[in-house]
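Peer 1: This is the structure I want to talk about, given as structure tokens.
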Amino acid sequence: MAKKVTMQQIADAAGVSKFAVSRALTGKPGVSEYTREMIIKTAAQLGYFKAEPKRYPIEQAVEQDHIADNTGTILVLFPNIRSQNRSSLYWGPVFDGISARLNEKGLDILTLTEPSSDRMFSVLNPEAIRGIITVGAISTSVLLEIYRLRIPLVMVDHEEPAVHADTVFTDNVKCMRELVLMLIGKGYRHFQFAGELPDAASFRERWFGYRSVLEEMQIQSNQQPGLLGPNNEHIRKAIEEMEIEDLPEVFVCANDFTAVVVLRALKNRGIDVPERCSVTGFDNTRAEEPIMASIHIDKEHLGKRAVDHLLWRIEHPDQPFERKLIYSELVVRDMHQTKLL
């Protein structure tokens with residue numbers, strides 16, 4: 001049996017350092033896109049991504065056949081968007097969950113940032129990739145190429161109408177409904193939603209959950225269009241330009257990052273929080289901020305479930321595509337105390 005190609009062999013063949021090879025193959029910064037593509041191409045030519053049988057201790061022999069079916073390289077693809085990468089407070093833990101589960105299963109992992117052109121599969125051999133997990137909003141053109149090549153695909157927190165594929169989401173509608181119902185239960189009646197609606201399917205689902213509760217409870221809301229994006233800078237300006245009498249009791253935000261933008265815009269206007277306005281978030285990434293409530297998403301679990309479903313898809317290629325929803329918990333902060341409801 002041929003020995004597995006080492007990073008040093010790839011470095012020697014590509015004429016770069018072993019450090020550069022390590023950074024390129026794990027998707028970490030520190031090498032240029034040109035060097036990264038050259039290293040990946042060299043690794044592919046040397047057979048680095050080829051699946052090979054793995055050896056397991058005797059006590060695992062009962063499960064060996066099943067595990068061997070799952071050997072190979074899984075590609076984890078990040079979008080070419082600065083806020084959606086491994087250093088993100090949200091996406092970093094999702095990747096950690098993906099990586100941990102793949103390690104448990106004995107699978108190789110290749111991490112890439114979506115190329116700025118459609119050259120990804122000119123440097124990657126599709127036949128060497130067992131499956132792909134996309135993390136965040138990958139471009140339609142790349143998703144269509146994956147779909148055309150019939151590579152098993154699971155998308156985390158993203159969907160594309162042109163591509164039929166499995167997806168894994170937080171149960172955004174249900175969780176946002178619980179948050180808004182909690183606010184109404186506390187006596188609040190005047191709300192504004194703030195979020196970059198064009199940015200992500202999850203944000204649009206949270207907006208839908210918010211609106212559905214207000215409609216069911218027959219609560220009128222004169223929504224300010226500027227608070228719905230297209231970006232957080234637009235939202236900040238919209239708050240700074242609002243008349244004092246138009247400020248709501250609560251700004252319900254699509255995520256914690258937007259909640260921080262809202263908090264700073266209110267502070268710049270000298271608005272007391274939470275005395276005059278309260279602010280809620282979603283994803284619980286900014287617990288140190290005066291955010292009244294948020295939804296705690298177990299981001300590592302989200303990544304692990306994406307791997308689980310990809311392995312299931314590899315074994316069941318002809319089954320209908322699925323949209324997996326994962327429930328998350330409402331966190332309400334009461335001054336100096338935080339509790340899970």
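So you can find residues: chains in the structure tokens are A, B, ... in the order shown, residues in each start at 1, and ligands are numbered from 1 in order.
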Against region 324-330 of chain A, which residues of region 220-303 of chain A fall within 12 Å? For each one I want the closest pair of atoms and the distance in Å (one decimal), counting only C-alpha atoms, rows by chain and increasing residue number, as a Markdown table.
Peer 2:
```
| residue | atom | partner | partner_atom | distance |
| --- | --- | --- | --- | --- |
| A:Thr280 | CA | A:Leu330 | CA | 10.8 |
| A:Gly281 | CA | A:Leu330 | CA | 10.3 |
| A:Phe282 | CA | A:Leu330 | CA | 8.9 |
| A:Asp283 | CA | A:Ser328 | CA | 8.8 |
| A:Asn284 | CA | A:Leu330 | CA | 9.3 |
| A:Met292 | CA | A:Leu330 | CA | 11.0 |
| A:Ala293 | CA | A:Leu330 | CA | 7.3 |
| A:Ser294 | CA | A:Leu330 | CA | 6.1 |
| A:Ile295 | CA | A:Leu330 | CA | 4.6 |
| A:His296 | CA | A:Glu329 | CA | 5.3 |
| A:Ile297 | CA | A:Ser328 | CA | 5.2 |
| A:Asp298 | CA | A:Ser328 | CA | 7.0 |
| A:Lys299 | CA | A:Ser328 | CA | 9.7 |
| A:Glu300 | CA | A:Ile326 | CA | 11.8 |
| A:His301 | CA | A:Ile326 | CA | 9.0 |
| A:Leu302 | CA | A:Ile326 | CA | 7.5 |
| A:Gly303 | CA | A:Ile326 | CA | 11.0 |
```
Peer 1: I want to know what sits within 7 Å of region 163-180 of chain A, based on only C-alpha atoms, with residues of the same chain fewer than 4 positions away left out; could you give that as a list in words?
Peer 2: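 Listed by chain and then number, they are Leu143, Leu144, Tyr147, Leu153, Val154, Met155, Val156, Asp157, Glu159, Ile184, Ser202, Glu205, Arg206, Phe208, Gly209, Tyr210, Val213, Ala306, Phe321, Glu322, Arg323, Lys324, Leu325, Ile326, Tyr327, Ser328 and Leu330 of chain A.
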Peer 1: Run DSSP on the backbone and grab whatever in region 165-334 of chain A lands in strand (DSSP E or B); send it over as a ChimeraX atom specification.
Peer 2: /A:166-170,191-194,250-253,278-280,283,293-296,323-326,329-334
Peer 1: Take the selection from the previous step and output its residues with N, CA and C atoms, as a PDB file, in the first residue's frame.
Peer 2:
```
ATOM      1  N   ASP A 166     -29.079  19.416   0.351  1.00  0.00           N
ATOM      2  CA  ASP A 166     -29.414  19.362   1.770  1.00  0.00           C
ATOM      3  C   ASP A 166     -28.921  20.629   2.462  1.00  0.00           C
ATOM      4  N   THR A 167     -29.674  21.091   3.452  1.00  0.00           N
ATOM      5  CA  THR A 167     -29.297  22.290   4.196  1.00  0.00           C
ATOM      6  C   THR A 167     -29.471  22.051   5.688  1.00  0.00           C
ATOM      7  N   VAL A 168     -28.681  22.782   6.482  1.00  0.00           N
ATOM      8  CA  VAL A 168     -28.794  22.746   7.933  1.00  0.00           C
ATOM      9  C   VAL A 168     -28.921  24.180   8.430  1.00  0.00           C
ATOM     10  N   PHE A 169     -29.999  24.444   9.148  1.00  0.00           N
ATOM     11  CA  PHE A 169     -30.288  25.781   9.656  1.00  0.00           C
ATOM     12  C   PHE A 169     -30.629  25.716  11.146  1.00  0.00           C
ATOM     13  N   THR A 170     -30.430  26.834  11.838  1.00  0.00           N
ATOM     14  CA  THR A 170     -31.112  27.054  13.105  1.00  0.00           C
ATOM     15  C   THR A 170     -32.599  27.208  12.806  1.00  0.00           C
ATOM     16  N   PHE A 191     -42.354  48.075  18.485  1.00  0.00           N
ATOM     17  CA  PHE A 191     -41.139  47.415  18.024  1.00  0.00           C
ATOM     18  C   PHE A 191     -40.684  47.961  16.671  1.00  0.00           C
ATOM     19  N   GLN A 192     -39.375  47.788  16.423  1.00  0.00           N
ATOM     20  CA  GLN A 192     -38.806  47.963  15.092  1.00  0.00           C
ATOM     21  C   GLN A 192     -37.827  46.811  14.878  1.00  0.00           C
ATOM     22  N   PHE A 193     -37.854  46.239  13.676  1.00  0.00           N
ATOM     23  CA  PHE A 193     -36.901  45.187  13.332  1.00  0.00           C
ATOM     24  C   PHE A 193     -35.708  45.827  12.638  1.00  0.00           C
ATOM     25  N   ALA A 194     -34.494  45.343  12.951  1.00  0.00           N
ATOM     26  CA  ALA A 194     -33.280  45.847  12.307  1.00  0.00           C
ATOM     27  C   ALA A 194     -32.442  44.660  11.841  1.00  0.00           C
ATOM     28  N   VAL A 250     -38.516  48.586  21.772  1.00  0.00           N
ATOM     29  CA  VAL A 250     -37.505  47.546  21.563  1.00  0.00           C
ATOM     30  C   VAL A 250     -37.099  47.492  20.091  1.00  0.00           C
ATOM     31  N   PHE A 251     -35.785  47.495  19.846  1.00  0.00           N
ATOM     32  CA  PHE A 251     -35.257  47.159  18.532  1.00  0.00           C
ATOM     33  C   PHE A 251     -34.980  45.654  18.526  1.00  0.00           C
ATOM     34  N   VAL A 252     -35.686  44.922  17.664  1.00  0.00           N
ATOM     35  CA  VAL A 252     -35.478  43.485  17.534  1.00  0.00           C
ATOM     36  C   VAL A 252     -34.519  43.282  16.360  1.00  0.00           C
ATOM     37  N   CYS A 253     -33.310  42.802  16.646  1.00  0.00           N
ATOM     38  CA  CYS A 253     -32.258  42.737  15.625  1.00  0.00           C
ATOM     39  C   CYS A 253     -32.060  41.316  15.098  1.00  0.00           C
ATOM     40  N   SER A 278     -34.876  49.286  24.499  1.00  0.00           N
ATOM     41  CA  SER A 278     -34.156  48.034  24.698  1.00  0.00           C
ATOM     42  C   SER A 278     -33.748  47.470  23.338  1.00  0.00           C
ATOM     43  N   VAL A 279     -32.766  46.596  23.344  1.00  0.00           N
ATOM     44  CA  VAL A 279     -32.254  46.005  22.106  1.00  0.00           C
ATOM     45  C   VAL A 279     -32.110  44.505  22.308  1.00  0.00           C
ATOM     46  N   THR A 280     -32.604  43.717  21.352  1.00  0.00           N
ATOM     47  CA  THR A 280     -32.402  42.270  21.393  1.00  0.00           C
ATOM     48  C   THR A 280     -31.572  41.844  20.188  1.00  0.00           C
ATOM     49  N   ASP A 283     -28.130  35.010  18.145  1.00  0.00           N
ATOM     50  CA  ASP A 283     -26.936  34.157  17.969  1.00  0.00           C
ATOM     51  C   ASP A 283     -26.030  34.169  19.189  1.00  0.00           C
ATOM     52  N   ALA A 293     -31.909  40.462  25.224  1.00  0.00           N
ATOM     53  CA  ALA A 293     -32.190  39.039  24.983  1.00  0.00           C
ATOM     54  C   ALA A 293     -31.548  38.631  23.670  1.00  0.00           C
ATOM     55  N   SER A 294     -31.249  37.338  23.561  1.00  0.00           N
ATOM     56  CA  SER A 294     -30.688  36.813  22.326  1.00  0.00           C
ATOM     57  C   SER A 294     -31.066  35.335  22.232  1.00  0.00           C
ATOM     58  N   ILE A 295     -30.701  34.717  21.119  1.00  0.00           N
ATOM     59  CA  ILE A 295     -30.910  33.286  20.934  1.00  0.00           C
ATOM     60  C   ILE A 295     -29.543  32.617  20.941  1.00  0.00           C
ATOM     61  N   HIS A 296     -29.344  31.716  21.885  1.00  0.00           N
ATOM     62  CA  HIS A 296     -28.048  31.035  21.982  1.00  0.00           C
ATOM     63  C   HIS A 296     -28.008  29.857  21.010  1.00  0.00           C
ATOM     64  N   ARG A 323     -34.109  19.516   4.647  1.00  0.00           N
ATOM     65  CA  ARG A 323     -33.783  20.795   5.288  1.00  0.00           C
ATOM     66  C   ARG A 323     -33.858  20.567   6.794  1.00  0.00           C
ATOM     67  N   LYS A 324     -32.719  20.508   7.444  1.00  0.00           N
ATOM     68  CA  LYS A 324     -32.666  20.165   8.863  1.00  0.00           C
ATOM     69  C   LYS A 324     -32.696  21.445   9.700  1.00  0.00           C
ATOM     70  N   LEU A 325     -33.640  21.516  10.662  1.00  0.00           N
ATOM     71  CA  LEU A 325     -33.782  22.672  11.539  1.00  0.00           C
ATOM     72  C   LEU A 325     -33.357  22.283  12.948  1.00  0.00           C
ATOM     73  N   ILE A 326     -32.509  23.102  13.567  1.00  0.00           N
ATOM     74  CA  ILE A 326     -31.993  22.821  14.896  1.00  0.00           C
ATOM     75  C   ILE A 326     -32.474  23.907  15.856  1.00  0.00           C
ATOM     76  N   GLU A 329     -31.828  28.058  22.139  1.00  0.00           N
ATOM     77  CA  GLU A 329     -32.457  28.529  23.371  1.00  0.00           C
ATOM     78  C   GLU A 329     -32.486  30.045  23.483  1.00  0.00           C
ATOM     79  N   LEU A 330     -33.577  30.528  24.049  1.00  0.00           N
ATOM     80  CA  LEU A 330     -33.749  31.950  24.323  1.00  0.00           C
ATOM     81  C   LEU A 330     -32.986  32.319  25.588  1.00  0.00           C
ATOM     82  N   VAL A 331     -32.161  33.356  25.487  1.00  0.00           N
ATOM     83  CA  VAL A 331     -31.414  33.867  26.633  1.00  0.00           C
ATOM     84  C   VAL A 331     -31.948  35.254  26.959  1.00  0.00           C
ATOM     85  N   VAL A 332     -32.404  35.442  28.190  1.00  0.00           N
ATOM     86  CA  VAL A 332     -32.908  36.748  28.633  1.00  0.00           C
ATOM     87  C   VAL A 332     -31.994  37.262  29.728  1.00  0.00           C
ATOM     88  N   ARG A 333     -31.490  38.466  29.565  1.00  0.00           N
ATOM     89  CA  ARG A 333     -30.590  39.058  30.551  1.00  0.00           C
ATOM     90  C   ARG A 333     -31.353  40.077  31.390  1.00  0.00           C
ATOM     91  N   ASP A 334     -31.235  39.913  32.694  1.00  0.00           N
ATOM     92  CA  ASP A 334     -31.926  40.800  33.623  1.00  0.00           C
ATOM     93  C   ASP A 334     -30.878  41.506  34.481  1.00  0.00           C
TER      94      ASP A 334
END
```
Peer 1: Enumerate as JSON, numbers by chain all residues of region 58-234 of chain A assigned to alpha helix (DSSP H) by DSSP on the backbone, naming them with the chain letters and numbers the document uses.
Peer 2: {"A": [61, 62, 63, 64, 65, 66, 67, 68, 91, 92, 93, 94, 95, 96, 97, 98, 99, 100, 101, 102, 103, 104, 105, 120, 121, 122, 123, 140, 141, 142, 143, 144, 145, 146, 147, 148, 172, 173, 174, 175, 176, 177, 178, 179, 180, 181, 182, 183, 184, 185, 201, 202, 203, 204, 205, 206, 207, 208, 209, 210, 211, 212, 213, 214, 215, 216, 232, 233, 234]}
Peer 1: Counting only C-alpha atoms, what is within 12 Å of Glu127 (chain A), bar same-chain residues fewer than 4 positions away, as a PDB file with N, CA, C and O atoms, in the first residue's frame?
Peer 2:
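part05.pdb written:
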```pdb
ATOM      1  N   ALA A  44      -2.790  17.715  -5.329  1.00  0.00           N
ATOM      2  CA  ALA A  44      -3.697  16.833  -6.063  1.00  0.00           C
ATOM      3  C   ALA A  44      -2.920  15.928  -7.018  1.00  0.00           C
ATOM      4  O   ALA A  44      -3.209  14.733  -7.139  1.00  0.00           O
ATOM      5  N   GLY A  47      -1.371  13.046  -5.375  1.00  0.00           N
ATOM      6  CA  GLY A  47      -2.305  12.080  -4.802  1.00  0.00           C
ATOM      7  C   GLY A  47      -2.630  12.314  -3.345  1.00  0.00           C
ATOM      8  O   GLY A  47      -3.115  11.416  -2.655  1.00  0.00           O
ATOM      9  N   PHE A  49      -5.051  13.965  -2.003  1.00  0.00           N
ATOM     10  CA  PHE A  49      -6.476  13.927  -1.685  1.00  0.00           C
ATOM     11  C   PHE A  49      -7.127  12.588  -2.006  1.00  0.00           C
ATOM     12  O   PHE A  49      -8.339  12.438  -1.839  1.00  0.00           O
ATOM     13  N   LYS A  50      -6.353  11.653  -2.488  1.00  0.00           N
ATOM     14  CA  LYS A  50      -6.944  10.362  -2.812  1.00  0.00           C
ATOM     15  C   LYS A  50      -7.323   9.628  -1.541  1.00  0.00           C
ATOM     16  O   LYS A  50      -6.558   9.574  -0.579  1.00  0.00           O
ATOM     17  N   ALA A  51      -8.533   9.037  -1.562  1.00  0.00           N
ATOM     18  CA  ALA A  51      -8.984   8.261  -0.405  1.00  0.00           C
ATOM     19  C   ALA A  51      -8.166   6.984  -0.316  1.00  0.00           C
ATOM     20  O   ALA A  51      -7.840   6.367  -1.316  1.00  0.00           O
ATOM     21  N   GLY A  72     -11.916   9.401   3.022  1.00  0.00           N
ATOM     22  CA  GLY A  72     -11.750  10.315   1.899  1.00  0.00           C
ATOM     23  C   GLY A  72     -11.654  11.740   2.378  1.00  0.00           C
ATOM     24  O   GLY A  72     -11.627  12.019   3.572  1.00  0.00           O
ATOM     25  N   THR A  73     -11.616  12.677   1.443  1.00  0.00           N
ATOM     26  CA  THR A  73     -11.464  14.086   1.761  1.00  0.00           C
ATOM     27  C   THR A  73     -12.805  14.804   1.666  1.00  0.00           C
ATOM     28  O   THR A  73     -13.540  14.658   0.690  1.00  0.00           O
ATOM     29  N   ILE A  74     -13.100  15.575   2.696  1.00  0.00           N
ATOM     30  CA  ILE A  74     -14.283  16.426   2.704  1.00  0.00           C
ATOM     31  C   ILE A  74     -13.817  17.866   2.540  1.00  0.00           C
ATOM     32  O   ILE A  74     -12.954  18.343   3.284  1.00  0.00           O
ATOM     33  N   LEU A  75     -14.383  18.548   1.575  1.00  0.00           N
ATOM     34  CA  LEU A  75     -14.041  19.947   1.332  1.00  0.00           C
ATOM     35  C   LEU A  75     -15.000  20.839   2.117  1.00  0.00           C
ATOM     36  O   LEU A  75     -16.224  20.698   2.020  1.00  0.00           O
ATOM     37  N   PHE A 121     -12.452  23.897  -9.624  1.00  0.00           N
ATOM     38  CA  PHE A 121     -12.283  22.510 -10.023  1.00  0.00           C
ATOM     39  C   PHE A 121     -11.281  22.351 -11.167  1.00  0.00           C
ATOM     40  O   PHE A 121     -11.127  21.265 -11.710  1.00  0.00           O
ATOM     41  N   GLY A 131     -17.260  14.682  -0.475  1.00  0.00           N
ATOM     42  CA  GLY A 131     -18.411  15.538  -0.244  1.00  0.00           C
ATOM     43  C   GLY A 131     -17.969  16.945   0.105  1.00  0.00           C
ATOM     44  O   GLY A 131     -16.784  17.191   0.382  1.00  0.00           O
ATOM     45  N   ILE A 132     -18.929  17.879   0.079  1.00  0.00           N
ATOM     46  CA  ILE A 132     -18.629  19.288   0.326  1.00  0.00           C
ATOM     47  C   ILE A 132     -19.617  19.847   1.334  1.00  0.00           C
ATOM     48  O   ILE A 132     -20.822  19.608   1.245  1.00  0.00           O
ATOM     49  N   ILE A 146     -20.826  22.537  -8.406  1.00  0.00           N
ATOM     50  CA  ILE A 146     -20.838  21.388  -7.497  1.00  0.00           C
ATOM     51  C   ILE A 146     -22.012  20.476  -7.834  1.00  0.00           C
ATOM     52  O   ILE A 146     -21.881  19.252  -7.889  1.00  0.00           O
ATOM     53  N   LEU A 149     -21.479  18.474 -11.018  1.00  0.00           N
ATOM     54  CA  LEU A 149     -20.540  17.368 -10.832  1.00  0.00           C
ATOM     55  C   LEU A 149     -21.102  16.275  -9.926  1.00  0.00           C
ATOM     56  O   LEU A 149     -20.442  15.262  -9.707  1.00  0.00           O
ATOM     57  N   ARG A 150     -22.289  16.492  -9.371  1.00  0.00           N
ATOM     58  CA  ARG A 150     -22.972  15.507  -8.526  1.00  0.00           C
ATOM     59  C   ARG A 150     -22.136  15.119  -7.305  1.00  0.00           C
ATOM     60  O   ARG A 150     -22.108  13.955  -6.885  1.00  0.00           O
ATOM     61  N   ILE A 151     -21.464  16.106  -6.733  1.00  0.00           N
ATOM     62  CA  ILE A 151     -20.728  15.877  -5.493  1.00  0.00           C
ATOM     63  C   ILE A 151     -21.701  16.069  -4.330  1.00  0.00           C
ATOM     64  O   ILE A 151     -22.400  17.077  -4.278  1.00  0.00           O
ATOM     65  N   PRO A 152     -21.794  15.116  -3.406  1.00  0.00           N
ATOM     66  CA  PRO A 152     -22.689  15.290  -2.254  1.00  0.00           C
ATOM     67  C   PRO A 152     -22.418  16.616  -1.544  1.00  0.00           C
ATOM     68  O   PRO A 152     -21.259  16.958  -1.265  1.00  0.00           O
TER      69      PRO A 152
END
```
Peer 1: Separation of CA of Gly195 (chain A) and CA of Ser83 (chain A), in Å?
Peer 2: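 Computed distance, CA of Gly195 (chain A) to CA of Ser83 (chain A), equals 15.2 Å.
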Peer 1: Do a neighbour search on Arg101 (chain A) at 6 Å with only C-alpha atoms, toss out local chain neighbours closer than 3 positions, and write the hits as a PyMOL selection string.
Peer 2: chain A and resi 98+104+304
Peer 1: Which residues come within 12 Å of Ala43 (chain A), counting only C-alpha atoms, excluding same-chain residues fewer than 4 positions away, as JSON, numbers by chain?
Peer 2: {"A": [4, 5, 6, 7, 8, 9, 10, 11, 12, 13, 14, 21, 22, 24, 25, 36, 37, 38, 39, 47, 48, 49, 50, 110, 123, 124, 125, 128]}
Peer 1: Name all residues at most 12 Å from region 33-35 of chain A (count only C-alpha atoms; drop same-chain ones fewer than 3 positions away) and give them as number ranges by chain.
Peer 2: A: 11, 14-17, 20-25, 27-30, 38-42, 80, 112-117, 119-120, 123
